[in-house]
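Visitor: As input, take start_14.cif (mmCIF, C-alpha atoms):
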```cif
data_input
loop_
_atom_site.label_atom_id
_atom_site.label_comp_id
_atom_site.auth_asym_id
_atom_site.auth_seq_id
_atom_site.Cartn_x
_atom_site.Cartn_y
_atom_site.Cartn_z
CA MET C 1 -9.62 -111.81 11.09
CA THR C 2 -10.78 -108.23 11.41
CA SER C 3 -14.44 -107.86 10.53
CA ALA C 4 -15.75 -105.59 7.83
CA VAL C 5 -16.61 -102.10 8.96
CA THR C 6 -19.16 -100.80 6.51
CA THR C 7 -20.82 -97.54 7.36
CA PRO C 8 -23.50 -96.91 4.80
CA THR C 9 -24.74 -93.41 4.46
CA ALA C 10 -28.18 -92.53 5.76
CA ALA C 11 -29.58 -92.83 2.25
CA GLY C 12 -28.10 -96.33 1.86
CA PRO C 13 -24.80 -97.76 0.70
CA MET C 14 -25.60 -97.39 -3.00
CA VAL C 15 -26.25 -93.65 -2.85
CA PRO C 16 -23.19 -91.43 -3.45
CA VAL C 17 -22.62 -88.48 -1.15
CA PRO C 18 -21.44 -85.27 -2.83
CA TYR C 19 -17.85 -84.24 -2.14
CA ARG C 20 -16.05 -81.24 -3.58
CA VAL C 21 -12.53 -81.35 -5.01
CA ALA C 22 -10.41 -79.14 -2.78
CA HIS C 23 -7.07 -79.93 -4.35
CA ILE C 24 -5.41 -82.17 -6.90
CA HIS C 25 -1.74 -82.96 -6.39
CA TRP C 26 0.26 -84.80 -9.03
CA GLU C 27 2.50 -87.38 -7.38
CA LEU C 28 3.87 -88.89 -10.61
CA SER C 29 3.14 -88.06 -14.23
CA ASP C 30 0.08 -90.35 -14.19
CA THR C 31 -0.69 -90.55 -10.47
CA TYR C 32 -2.47 -87.89 -8.49
CA THR C 33 -3.99 -87.36 -5.08
CA LEU C 34 -7.44 -85.84 -4.79
CA THR C 35 -8.32 -84.02 -1.58
CA LEU C 36 -12.09 -84.12 -1.24
CA THR C 37 -14.28 -82.29 1.25
CA PRO C 38 -17.88 -83.28 2.03
CA GLU C 39 -20.45 -80.77 0.80
CA SER C 40 -22.56 -81.54 3.87
CA GLY C 41 -19.62 -80.88 6.21
CA ALA C 42 -19.88 -84.40 7.64
CA ASN C 43 -16.84 -86.38 6.56
CA MET C 44 -16.77 -90.10 5.97
CA SER C 45 -15.55 -92.07 8.97
CA PHE C 46 -13.23 -94.84 7.87
CA GLU C 47 -10.45 -97.09 9.07
CA PRO C 48 -7.05 -97.49 7.36
CA GLY C 49 -7.30 -99.87 4.42
CA GLN C 50 -10.95 -99.29 3.66
CA VAL C 51 -12.15 -98.41 0.19
CA ALA C 52 -14.26 -95.54 -1.11
CA MET C 53 -16.20 -95.68 -4.37
CA ILE C 54 -15.65 -92.43 -6.24
CA TYR C 55 -18.24 -91.53 -8.86
CA ILE C 56 -17.21 -89.15 -11.62
CA LEU C 57 -20.26 -87.58 -13.24
CA GLY C 58 -20.69 -88.80 -16.79
CA ALA C 59 -17.81 -91.25 -16.55
CA GLY C 60 -18.49 -93.91 -13.93
CA GLU C 61 -17.41 -95.21 -10.57
CA VAL C 62 -14.20 -96.87 -9.32
CA PRO C 63 -12.98 -98.18 -5.96
CA ILE C 64 -10.00 -96.42 -4.40
CA SER C 65 -8.38 -97.06 -1.01
CA VAL C 66 -8.47 -93.97 1.17
CA SER C 67 -4.89 -92.75 1.55
CA SER C 68 -5.36 -89.97 4.10
CA SER C 69 -5.35 -90.12 7.87
CA SER C 70 -8.51 -91.59 9.34
CA ARG C 71 -8.24 -88.91 12.05
CA ARG C 72 -8.93 -86.10 9.57
CA ASP C 73 -12.48 -84.89 9.92
CA ASP C 74 -12.44 -82.28 7.18
CA ALA C 75 -11.48 -84.26 4.08
CA ILE C 76 -10.45 -87.57 2.58
CA GLN C 77 -7.62 -88.15 0.12
CA LEU C 78 -7.60 -90.67 -2.71
CA THR C 79 -4.41 -91.43 -4.62
CA ILE C 80 -5.28 -92.56 -8.12
CA ARG C 81 -3.35 -93.72 -11.17
CA ALA C 82 -4.85 -92.45 -14.41
CA GLY C 83 -5.04 -95.81 -16.14
CA GLY C 84 -8.64 -96.31 -17.26
CA TYR C 85 -11.58 -94.26 -18.52
CA VAL C 86 -12.89 -93.21 -15.10
CA THR C 87 -9.53 -92.54 -13.50
CA LYS C 88 -8.47 -90.47 -16.53
CA ALA C 89 -11.72 -88.51 -16.23
CA ALA C 90 -11.00 -87.95 -12.54
CA ALA C 91 -7.57 -86.63 -13.50
CA ARG C 92 -9.28 -83.80 -15.40
CA LEU C 93 -11.15 -82.61 -12.30
CA ALA C 94 -10.38 -79.18 -10.93
CA ALA C 95 -10.80 -77.57 -7.54
CA GLY C 96 -14.48 -76.90 -6.91
CA ASP C 97 -15.78 -79.80 -9.02
CA THR C 98 -18.20 -82.24 -7.42
CA VAL C 99 -17.84 -86.01 -7.24
CA GLY C 100 -19.91 -88.70 -5.54
CA ILE C 101 -18.46 -90.81 -2.76
CA ARG C 102 -19.83 -94.07 -1.37
CA GLY C 103 -18.39 -95.98 1.51
CA PRO C 104 -16.26 -96.78 3.31
CA PHE C 105 -16.30 -100.44 2.40
CA GLY C 106 -14.38 -103.52 3.33
CA VAL C 107 -12.13 -104.95 5.99
CA PRO C 108 -9.48 -102.53 7.26
CA TRP C 109 -5.87 -103.24 8.21
CA PRO C 110 -5.60 -104.92 11.65
CA MET C 111 -4.48 -101.84 13.56
CA GLU C 112 -5.83 -102.99 16.93
CA GLN C 113 -4.18 -106.39 16.63
CA ALA C 114 -0.89 -104.68 15.71
CA ARG C 115 -0.84 -102.45 18.79
CA GLY C 116 1.59 -103.52 21.46
CA GLY C 117 3.88 -105.29 19.01
CA ASP C 118 6.23 -104.61 16.14
CA VAL C 119 4.78 -103.56 12.79
CA VAL C 120 6.26 -104.27 9.37
CA VAL C 121 4.77 -102.29 6.48
CA VAL C 122 5.85 -103.41 3.01
CA ALA C 123 4.72 -101.52 -0.08
CA GLY C 124 5.55 -101.71 -3.75
CA GLY C 125 4.87 -99.01 -6.32
CA ILE C 126 1.48 -97.35 -5.93
CA GLY C 127 0.78 -99.91 -3.19
CA LEU C 128 2.09 -97.34 -0.74
CA ALA C 129 -1.23 -95.46 -1.08
CA PRO C 130 -3.43 -97.92 0.89
CA LEU C 131 -0.69 -98.12 3.53
CA ARG C 132 -0.18 -94.39 3.97
CA SER C 133 -3.19 -94.24 6.29
CA VAL C 134 -1.62 -97.06 8.34
CA ILE C 135 1.57 -95.04 8.78
CA TYR C 136 -0.46 -91.96 9.75
CA GLU C 137 -2.39 -94.03 12.28
CA ILE C 138 0.81 -95.41 13.80
CA LEU C 139 2.32 -91.93 14.05
CA GLU C 140 -0.82 -90.64 15.78
CA ASP C 141 -0.42 -93.26 18.52
CA ARG C 142 3.27 -94.06 18.13
CA HIS C 143 3.69 -95.04 21.79
CA THR C 144 1.22 -97.91 21.43
CA PHE C 145 3.43 -99.74 18.93
CA GLU C 146 6.91 -101.20 19.37
CA ASP C 147 9.43 -101.14 16.48
CA VAL C 148 7.88 -99.96 13.23
CA SER C 149 9.56 -100.76 9.92
CA VAL C 150 8.50 -99.54 6.50
CA ALA C 151 9.97 -101.12 3.37
CA TYR C 152 9.14 -99.52 0.04
CA GLY C 153 10.10 -100.80 -3.40
CA SER C 154 9.79 -98.82 -6.59
CA ARG C 155 10.92 -98.92 -10.19
CA ASP C 156 13.63 -96.26 -10.05
CA PRO C 157 14.35 -93.10 -8.06
CA GLY C 158 12.03 -91.05 -10.30
CA PHE C 159 9.02 -93.21 -9.37
CA LEU C 160 8.82 -92.68 -5.62
CA LEU C 161 5.28 -92.03 -4.43
CA TYR C 162 4.86 -89.43 -1.65
CA GLU C 163 8.56 -88.59 -1.95
CA ALA C 164 8.44 -85.63 0.45
CA GLU C 165 6.68 -87.72 3.09
CA LEU C 166 9.14 -90.56 2.61
CA HIS C 167 11.92 -88.08 3.41
CA ASP C 168 10.04 -86.90 6.51
CA TRP C 169 9.42 -90.45 7.72
CA ARG C 170 13.04 -91.43 7.11
CA SER C 171 14.22 -88.53 9.22
CA ARG C 172 12.25 -89.73 12.27
CA PHE C 173 14.04 -91.67 14.98
CA ASP C 174 10.99 -93.80 15.73
CA LEU C 175 10.47 -95.22 12.22
CA ASP C 176 12.81 -97.44 10.23
CA VAL C 177 12.08 -96.57 6.61
CA GLU C 178 14.01 -98.42 3.89
CA ILE C 179 13.59 -97.74 0.20
CA THR C 180 14.83 -99.79 -2.71
CA VAL C 181 14.48 -99.44 -6.46
CA ASP C 182 14.87 -101.90 -9.31
CA ARG C 183 17.56 -99.88 -11.03
CA ALA C 184 19.37 -96.62 -10.47
CA PRO C 185 22.21 -94.47 -11.71
CA THR C 186 25.30 -94.33 -9.51
CA SER C 187 24.19 -90.93 -8.21
CA TRP C 188 21.47 -92.76 -6.19
CA ARG C 189 22.56 -93.19 -2.59
CA GLY C 190 19.81 -95.62 -1.61
CA ASP C 191 19.32 -99.33 -2.13
CA VAL C 192 18.88 -101.22 -5.39
CA GLY C 193 17.27 -104.64 -5.41
CA LEU C 194 14.14 -106.45 -4.36
CA VAL C 195 12.00 -105.18 -1.53
CA THR C 196 12.39 -108.65 0.01
CA ASP C 197 16.13 -107.94 0.39
CA LEU C 198 15.25 -105.15 2.82
CA LEU C 199 13.50 -107.47 5.28
CA PRO C 200 16.58 -109.01 6.96
CA ARG C 201 18.04 -105.50 7.34
CA MET C 202 15.08 -104.29 9.39
CA GLU C 203 14.89 -104.55 13.13
CA PHE C 204 11.73 -106.32 14.25
CA ASP C 205 10.89 -109.35 16.32
CA PRO C 206 9.21 -111.88 13.98
CA ALA C 207 7.50 -113.53 16.93
CA ASN C 208 5.86 -110.28 17.89
CA ALA C 209 5.25 -108.62 14.53
CA THR C 210 2.22 -107.85 12.41
CA ALA C 211 2.97 -107.37 8.71
CA MET C 212 0.89 -105.38 6.22
CA ILE C 213 1.73 -105.69 2.54
CA CYS C 214 0.44 -103.97 -0.58
CA GLY C 215 1.85 -104.03 -4.10
CA PRO C 216 1.90 -106.17 -7.23
CA GLU C 217 0.69 -109.69 -6.39
CA ILE C 218 4.00 -111.29 -7.31
CA MET C 219 5.77 -108.92 -4.93
CA MET C 220 3.30 -109.71 -2.13
CA LYS C 221 3.85 -113.41 -2.72
CA PHE C 222 7.62 -113.13 -2.32
CA VAL C 223 7.40 -110.73 0.62
CA SER C 224 4.90 -112.87 2.52
CA ARG C 225 7.05 -115.96 1.89
CA GLY C 226 10.13 -114.08 3.11
CA LEU C 227 8.38 -112.88 6.26
CA ALA C 228 7.01 -116.36 7.01
CA ASP C 229 10.53 -117.80 6.55
CA MET C 230 11.80 -115.24 9.06
CA GLY C 231 9.27 -116.53 11.57
CA VAL C 232 6.38 -114.09 11.31
CA ASP C 233 3.11 -115.89 12.10
CA ARG C 234 1.27 -116.41 8.81
CA GLU C 235 -1.98 -115.37 10.52
CA ARG C 236 -0.34 -112.00 11.24
CA ILE C 237 0.74 -111.36 7.66
CA TYR C 238 -1.92 -109.27 5.90
CA LEU C 239 -2.23 -108.42 2.23
CA THR C 240 -4.62 -106.19 0.36
CA MET C 241 -5.96 -107.50 -2.91
CA GLU C 242 -7.22 -105.64 -5.94
CA ARG C 243 -10.01 -106.70 -8.26
CA ASN C 244 -12.68 -104.84 -10.18
CA MET C 245 -15.25 -103.71 -7.59
CA LYS C 246 -18.72 -102.54 -8.67
CA CYS C 247 -21.48 -102.62 -6.04
CA ALA C 248 -19.03 -102.75 -3.09
CA ILE C 249 -21.64 -104.42 -0.87
CA GLY C 250 -21.18 -108.07 -1.81
CA LEU C 251 -24.03 -108.42 -4.28
CA CYS C 252 -22.71 -108.19 -7.82
CA GLY C 253 -19.73 -110.55 -7.63
CA HIS C 254 -17.45 -108.45 -9.82
CA CYS C 255 -14.73 -108.43 -7.16
CA GLN C 256 -14.99 -112.12 -6.39
CA LEU C 257 -11.71 -113.90 -5.73
CA GLY C 258 -12.60 -117.56 -5.39
CA PRO C 259 -15.06 -117.72 -2.49
CA GLN C 260 -14.10 -114.25 -1.25
CA PHE C 261 -15.76 -110.96 -2.13
CA LEU C 262 -13.07 -108.30 -1.93
CA CYS C 263 -15.58 -105.58 -1.08
CA LYS C 264 -16.99 -107.25 2.03
CA ASP C 265 -14.49 -110.02 2.95
CA GLY C 266 -11.44 -107.93 1.93
CA PRO C 267 -9.64 -106.12 0.47
CA VAL C 268 -7.36 -106.87 3.44
CA PHE C 269 -6.88 -110.57 4.09
CA PRO C 270 -4.63 -112.66 6.32
CA LEU C 271 -2.14 -114.68 4.27
CA PRO C 272 -3.67 -118.13 4.90
CA VAL C 273 -6.94 -116.98 3.29
CA VAL C 274 -5.51 -115.64 0.04
CA GLU C 275 -2.32 -117.65 -0.39
CA PRO C 276 -4.03 -120.66 -1.98
CA LEU C 277 -6.06 -118.34 -4.23
CA MET C 278 -2.92 -116.60 -5.46
CA GLU C 279 -1.71 -119.94 -6.82
CA VAL C 280 -4.79 -120.38 -9.02
CA GLU C 281 -4.14 -119.38 -12.62
CA GLU C 282 -6.28 -116.58 -14.06
CA LEU C 283 -8.39 -116.24 -10.91
CA MET Q 1 43.15 -102.49 7.99
CA SER Q 2 44.48 -105.56 9.75
CA ASN Q 3 46.39 -108.57 8.48
CA ASP Q 4 45.13 -110.63 11.41
CA SER Q 5 42.60 -113.28 10.51
CA VAL Q 6 39.07 -112.88 11.82
CA PRO Q 7 38.46 -114.91 15.02
CA ILE Q 8 36.51 -118.14 14.43
CA GLU Q 9 33.77 -117.25 16.91
CA GLU Q 10 33.30 -113.92 15.17
CA LEU Q 11 33.14 -115.49 11.71
CA ALA Q 12 30.67 -118.09 12.95
CA THR Q 13 28.13 -115.37 13.75
CA GLU Q 14 27.94 -114.36 10.07
CA ARG Q 15 24.70 -115.36 8.36
CA PHE Q 16 26.72 -116.88 5.51
CA PHE Q 17 28.14 -119.50 7.90
CA ARG Q 18 24.87 -120.39 9.62
CA ASP Q 19 25.00 -124.04 8.41
CA PHE Q 20 28.71 -124.45 9.14
CA ASP Q 21 30.01 -126.02 12.31
CA ALA Q 22 32.90 -124.45 14.19
CA ALA Q 23 35.43 -126.88 12.71
CA ASP Q 24 34.52 -125.86 9.16
CA VAL Q 25 34.62 -122.17 10.00
CA ALA Q 26 38.04 -122.75 11.57
CA LYS Q 27 39.34 -124.04 8.21
CA LEU Q 28 38.38 -120.77 6.52
CA ALA Q 29 39.28 -118.32 9.25
CA PRO Q 30 43.04 -118.26 8.49
CA HIS Q 31 42.21 -116.96 4.99
CA SER Q 32 40.14 -114.04 6.26
CA ARG Q 33 40.86 -110.53 7.46
CA LEU Q 34 38.82 -107.52 8.40
CA ILE Q 35 39.10 -104.50 6.13
CA SER Q 36 37.36 -101.15 5.92
CA TYR Q 37 36.79 -98.64 3.15
CA THR Q 38 35.51 -95.11 3.14
CA GLU Q 39 32.46 -94.06 1.16
CA GLY Q 40 33.13 -93.87 -2.56
CA THR Q 41 36.02 -96.33 -2.61
CA THR Q 42 36.05 -98.80 -5.50
CA ILE Q 43 36.38 -102.31 -4.07
CA PHE Q 44 36.86 -104.04 -7.41
CA ARG Q 45 36.35 -103.30 -11.08
CA ALA Q 46 34.64 -105.35 -13.80
CA SER Q 47 37.17 -107.46 -15.77
CA GLY Q 48 39.68 -107.28 -12.91
CA ALA Q 49 41.04 -110.42 -11.24
CA ALA Q 50 38.41 -111.97 -8.96
CA ASP Q 51 40.88 -113.06 -6.31
CA ARG Q 52 38.82 -112.10 -3.26
CA PHE Q 53 35.50 -112.98 -1.69
CA TYR Q 54 33.79 -110.67 0.80
CA LEU Q 55 31.11 -110.62 3.45
CA VAL Q 56 29.66 -107.21 4.27
CA ARG Q 57 29.91 -106.45 7.98
CA THR Q 58 28.64 -102.88 8.06
CA GLY Q 59 27.57 -100.28 5.51
CA ARG Q 60 26.40 -100.60 1.93
CA VAL Q 61 28.09 -101.71 -1.27
CA ALA Q 62 26.75 -100.99 -4.76
CA LEU Q 63 27.31 -103.47 -7.57
CA PHE Q 64 27.23 -101.64 -10.86
CA LEU Q 65 27.69 -102.16 -14.54
CA PRO Q 66 30.14 -99.67 -15.99
CA SER Q 67 28.85 -98.09 -19.15
CA LEU Q 68 30.11 -95.59 -21.68
CA GLN Q 69 26.96 -93.55 -21.06
CA GLU Q 70 25.81 -93.83 -17.46
CA ASP Q 71 26.86 -96.47 -14.93
CA VAL Q 72 23.88 -98.46 -13.67
CA ILE Q 73 23.60 -99.90 -10.18
CA VAL Q 74 22.15 -103.41 -10.42
CA GLN Q 75 22.11 -104.24 -6.71
CA THR Q 76 23.17 -102.95 -3.33
CA LEU Q 77 24.36 -105.23 -0.56
CA GLY Q 78 24.19 -104.71 3.18
CA PRO Q 79 25.36 -106.34 6.40
CA GLY Q 80 25.46 -110.13 6.32
CA GLU Q 81 25.43 -110.37 2.54
CA ALA Q 82 28.05 -112.00 0.33
CA LEU Q 83 29.89 -109.87 -2.18
CA GLY Q 84 31.29 -111.53 -5.28
CA PHE Q 85 30.97 -115.00 -6.79
CA SER Q 86 33.19 -114.57 -9.86
CA TRP Q 87 36.07 -116.11 -7.86
CA LEU Q 88 34.32 -119.47 -7.91
CA ALA Q 89 34.93 -120.48 -11.51
CA PRO Q 90 37.32 -119.61 -14.33
CA PRO Q 91 38.15 -117.14 -15.75
CA HIS Q 92 38.08 -115.61 -12.22
CA LEU Q 93 37.29 -112.13 -13.50
CA TRP Q 94 34.76 -109.78 -11.90
CA ARG Q 95 31.55 -109.38 -13.94
CA PHE Q 96 30.57 -106.16 -12.18
CA SER Q 97 32.25 -103.35 -10.32
CA ALA Q 98 31.69 -102.67 -6.63
CA THR Q 99 31.84 -99.39 -4.73
CA ALA Q 100 31.31 -98.52 -1.09
CA THR Q 101 28.24 -96.25 -0.91
CA SER Q 102 28.96 -95.59 2.78
CA ASP Q 103 31.88 -96.22 5.06
CA ILE Q 104 32.04 -100.00 5.19
CA GLU Q 105 33.62 -102.89 6.97
CA LEU Q 106 34.14 -106.15 5.08
CA ILE Q 107 35.45 -109.59 5.86
CA GLU Q 108 37.81 -110.37 3.01
CA PHE Q 109 38.82 -113.90 2.03
CA ASP Q 110 41.71 -114.98 -0.19
CA ALA Q 111 39.77 -116.68 -3.00
CA ALA Q 112 42.61 -118.96 -4.15
CA ALA Q 113 43.05 -120.21 -0.59
CA LEU Q 114 39.31 -120.87 -0.28
CA ARG Q 115 39.31 -122.84 -3.51
CA GLN Q 116 42.33 -124.86 -2.35
CA ALA Q 117 40.72 -125.56 1.02
CA ALA Q 118 37.60 -126.79 -0.78
CA ILE Q 119 39.62 -129.07 -3.09
CA VAL Q 120 41.21 -130.96 -0.21
CA ASP Q 121 38.08 -131.15 1.96
CA ARG Q 122 34.98 -132.59 0.33
CA GLN Q 123 32.63 -131.65 3.18
CA LEU Q 124 33.88 -128.07 3.18
CA HIS Q 125 33.57 -128.00 -0.60
CA ASP Q 126 29.92 -129.09 -0.41
CA LEU Q 127 29.09 -126.60 2.33
CA LEU Q 128 30.76 -123.74 0.51
CA MET Q 129 29.20 -124.60 -2.85
CA THR Q 130 25.74 -124.97 -1.31
CA ARG Q 131 26.00 -121.53 0.29
CA MET Q 132 27.40 -119.94 -2.86
CA PHE Q 133 24.68 -121.60 -4.94
CA ASP Q 134 22.13 -120.02 -2.62
CA VAL Q 135 23.78 -116.61 -3.16
CA VAL Q 136 23.81 -117.04 -6.95
CA ALA Q 137 20.22 -118.36 -6.99
CA ARG Q 138 19.00 -115.36 -5.00
CA ARG Q 139 20.78 -112.98 -7.36
CA LEU Q 140 19.21 -114.79 -10.33
CA GLU Q 141 15.77 -114.58 -8.72
CA ALA Q 142 16.28 -110.87 -8.07
CA THR Q 143 17.41 -110.32 -11.65
CA ARG Q 144 14.33 -112.12 -13.01
CA MET Q 145 12.05 -110.06 -10.79
CA GLN Q 146 13.74 -106.87 -11.96
CA LEU Q 147 13.33 -107.99 -15.57
CA LEU Q 148 9.62 -108.58 -14.93
CA ASP Q 149 9.41 -104.87 -14.20
CA ILE Q 150 6.59 -105.42 -11.72
CA TYR Q 151 6.13 -101.71 -11.10
CA SER Q 152 5.75 -100.93 -14.79
CA ASP Q 153 2.28 -99.48 -14.15
CA GLN Q 154 4.07 -96.48 -12.70
CA ARG Q 155 5.19 -93.53 -14.74
CA PRO Q 156 7.89 -91.07 -13.67
CA LYS Q 157 7.33 -87.55 -12.47
#
```
Would you kindly transcribe this structure into structure tokens?
Guide:
Amino acid sequence: MTSAVTTPTAAGPMVPVPYRVAHIHWELSDTYTLTLTPESGANMSFEPGQVAMIYILGAGEVPISVSSSSRRDDAIQLTIRAGGYVTKAAARLAAGDTVGIRGPFGVPWPMEQARGGDVVVVAGGIGLAPLRSVIYEILEDRHTFEDVSVAYGSRDPGFLLYEAELHDWRSRFDLDVEITVDRAPTSWRGDVGLVTDLLPRMEFDPANATAMICGPEIMMKFVSRGLADMGVDRERIYLTMERNMKCAIGLCGHCQLGPQFLCKDGPVFPLPVVEPLMEVEEL
Amino acid sequence: MSNDSVPIEELATERFFRDFDAADVAKLAPHSRLISYTEGTTIFRASGAADRFYLVRTGRVALFLPSLQEDVIVQTLGPGEALGFSWLAPPHLWRFSATATSDIELIEFDAAALRQAAIVDRQLHDLLMTRMFDVVARRLEATRMQLLDIYSDQRPK
């Protein structure tokens, strides 16, 4: 299991660092990407899959997976769905506004373990956001990975996150990107059906593959089962979990999932760790 | 389009026949042929006679529900997947329509001949029904998942 990489700021992990909103881009009608630049000039150093706590003045703080490339040294990007009080407040931010950022926190995706083998990235809905930094990382060092497959499931063709980037990735010869939606009009030329249906259509060697999955828990359950049935080592199937995170340093217990603290033991876990927990009702 | 049946060794490589031995595949091979359609071709229409069963060799097929307003695609099928189970039981009428969304190649079976072969051979019947049950169960599972609307947190652009 990859160990947690927590890089507290000089003032300590509980002290937010001021970042300025450089840009807000609406991905869907309720989902936006904030581009944030550090006021000090020193950007957060993170690894794909790690979480930042974003503090909105007067509203509160929420955990968001960083969705930008970890190689960027000028800014971080957070893709957020305006669902609760804080995330709706963040949606009202404008360029030039200041927010507080803590982090990064948590265990990243197993990029080093994945190098040298095939990679299968499976995302559902807004679950593509925590995996976007994985795709960026792979593209930065494409030659260090073998076959790379990306499967993305969404509700319908009007709900595709990062649609322009999906088009770019699909046009590359060194990425196999498959997209499916739950329903579509006949004008849609792509796939319709479960994201699990895409797996047998993708070219990867199960014996040599690392899988990274993010989406609704029920989707992750079916996808991980499908990958394991195809022969992917369960220890090499990784999922990222979502629970309400508060302190982000393993003290408060808000993000506890059974014996695991998502903020320090996760949010990325190998399947054998979280599979039994996903079977527990109301956990 | 050929009227020649598909060679046994070629049929045996299809995922659908993974649990069949060569002798069982040989019983079905005479009822098969390879066909191809260009993108946009309607393969069958809802309410039409379900007298064929298909395996997708290459390309994509969309299953859709015709509607007075806008046709809705309920599932797409790709290489290795079975197309059509309405031929299994009366009234042998297609429930959905199917269109080629790319140039495609299909293995087509004569459904009446398959049913007859299964009637006279109990082992073949059990193999065929087990595989078709798996196809139907997967479609049911997919339908339930789609009904759950697991991405309902999302809102359109």
Visitor: Which chain Q residues have any atom within 12 Å of an atom of chain C, and for each, what is the nearest pair of atoms with distance in Å to one decimal, counting only C-alpha atoms, rows sorted by chain and number, as CSV?
Guide:
```
residue,atom,partner,partner_atom,distance
Q:Arg15,CA,C:Pro200,CA,10.4
Q:Glu39,CA,C:Arg189,CA,10.6
Q:Gly40,CA,C:Thr186,CA,10.5
Q:Arg57,CA,C:Arg201,CA,11.9
Q:Thr58,CA,C:Arg201,CA,10.9
Q:Gly59,CA,C:Arg201,CA,11.0
Q:Arg60,CA,C:Asp191,CA,8.3
Q:Val61,CA,C:Asp191,CA,9.1
Q:Ala62,CA,C:Val192,CA,7.9
Q:Leu63,CA,C:Val192,CA,9.0
Q:Phe64,CA,C:Thr186,CA,7.7
Q:Leu65,CA,C:Thr186,CA,9.6
Q:Pro66,CA,C:Thr186,CA,9.7
Q:Ser67,CA,C:Pro185,CA,10.6
Q:Gln69,CA,C:Pro185,CA,10.5
Q:Glu70,CA,C:Pro185,CA,6.8
Q:Asp71,CA,C:Pro185,CA,6.0
Q:Val72,CA,C:Pro185,CA,4.7
Q:Ile73,CA,C:Ala184,CA,5.4
Q:Val74,CA,C:Arg183,CA,5.8
Q:Gln75,CA,C:Val192,CA,4.6
Q:Thr76,CA,C:Val192,CA,5.1
Q:Leu77,CA,C:Asp191,CA,7.9
Q:Gly78,CA,C:Arg201,CA,7.5
Q:Pro79,CA,C:Arg201,CA,7.4
Q:Gly80,CA,C:Arg201,CA,8.8
Q:Glu81,CA,C:Asp197,CA,9.8
Q:Ser97,CA,C:Thr186,CA,11.4
Q:Ala98,CA,C:Thr186,CA,10.9
Q:Thr99,CA,C:Thr186,CA,9.6
Q:Ala100,CA,C:Arg189,CA,10.4
Q:Thr101,CA,C:Arg189,CA,6.7
Q:Ser102,CA,C:Arg189,CA,8.7
Q:Arg138,CA,C:Asp197,CA,9.6
Q:Arg139,CA,C:Gly193,CA,9.3
Q:Leu140,CA,C:Leu194,CA,11.4
Q:Glu141,CA,C:Leu194,CA,9.4
Q:Ala142,CA,C:Leu194,CA,6.2
Q:Thr143,CA,C:Gly193,CA,8.4
Q:Arg144,CA,C:Leu194,CA,10.3
Q:Met145,CA,C:Leu194,CA,7.7
Q:Gln146,CA,C:Asp182,CA,5.7
Q:Leu147,CA,C:Asp182,CA,8.9
Q:Leu148,CA,C:Ile218,CA,9.8
Q:Asp149,CA,C:Arg155,CA,7.3
Q:Ile150,CA,C:Pro216,CA,6.5
Q:Tyr151,CA,C:Arg155,CA,5.6
Q:Ser152,CA,C:Arg155,CA,7.2
Q:Asp153,CA,C:Gly125,CA,8.3
Q:Gln154,CA,C:Phe159,CA,6.8
Q:Arg155,CA,C:Ser29,CA,5.9
Q:Pro156,CA,C:Phe159,CA,4.9
Q:Lys157,CA,C:Leu28,CA,4.2
```
Visitor: Could you list the residues chosen by the PyMOL selection byres ((chain Q and resi 83) around 8) in this structure as an MDAnalysis selection string?
Guide: chainID Q and resid 53:56 77 81:82 84:85
Visitor: Now that the selection is made, can you save its residues with C-alpha atoms as a PDB file, keeping the file's coordinate frame?
Guide:
```
ATOM      1  CA  PHE Q  53      35.500-112.980  -1.690  1.00  0.00           C
ATOM      2  CA  TYR Q  54      33.790-110.670   0.800  1.00  0.00           C
ATOM      3  CA  LEU Q  55      31.110-110.620   3.450  1.00  0.00           C
ATOM      4  CA  VAL Q  56      29.660-107.210   4.270  1.00  0.00           C
ATOM      5  CA  LEU Q  77      24.360-105.230  -0.560  1.00  0.00           C
ATOM      6  CA  GLU Q  81      25.430-110.370   2.540  1.00  0.00           C
ATOM      7  CA  ALA Q  82      28.050-112.000   0.330  1.00  0.00           C
ATOM      8  CA  GLY Q  84      31.290-111.530  -5.280  1.00  0.00           C
ATOM      9  CA  PHE Q  85      30.970-115.000  -6.790  1.00  0.00           C
TER      10      PHE Q  85
END
```
Visitor: Exactly which residues make up the result of the PyMOL selection byres ((chain Q and resi 4) around 12) on this file, given as a list in words?
Guide: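 Taken over the shown coordinates, the PyMOL selection byres ((chain Q and resi 4) around 12) returns Met1, Ser2, Asn3, Ser5, Val6, Pro7, Ile8, Ala29, Pro30, His31, Ser32, Arg33, Leu34, Ile35, Ile107, Glu108 and Phe109 of chain Q.
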Visitor: Quick one: residues within 6 Å of Thr210 of chain C, all atoms listed in the file, excluding same-chain residues fewer than 4 positions away - as number ranges by chain?
Guide: C: 114, 119, 236
Visitor: Between atom CA of Phe44 of chain Q and atom CA of Leu28 of chain Q, measure the distance and give it in Å to one decimal.
Guide: 21.8 Å
Visitor: Would you work out the distance separating atom CA of Thr98 of chain C from atom CA of Ala22 of chain C, expressed in Å to one decimal?
Guide: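 Those two atoms sit 9.6 Å apart.
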Visitor: Of the candidates C:Val86, C:Met202, C:Leu239, C:Ala42, which one gets nearest to Pro270 of chain C if we count all atoms listed in the file?
Guide: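 So, comparing all the options, the nearest one is C:Leu239.
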Visitor: Any chance you could work out the residue set of the PyMOL selection byres ((chain C and resi 72) around 12) here, as a PyMOL selection string?
Guide: chain C and resi 35-37+42-48+66-71+73-77+133+136-137+140
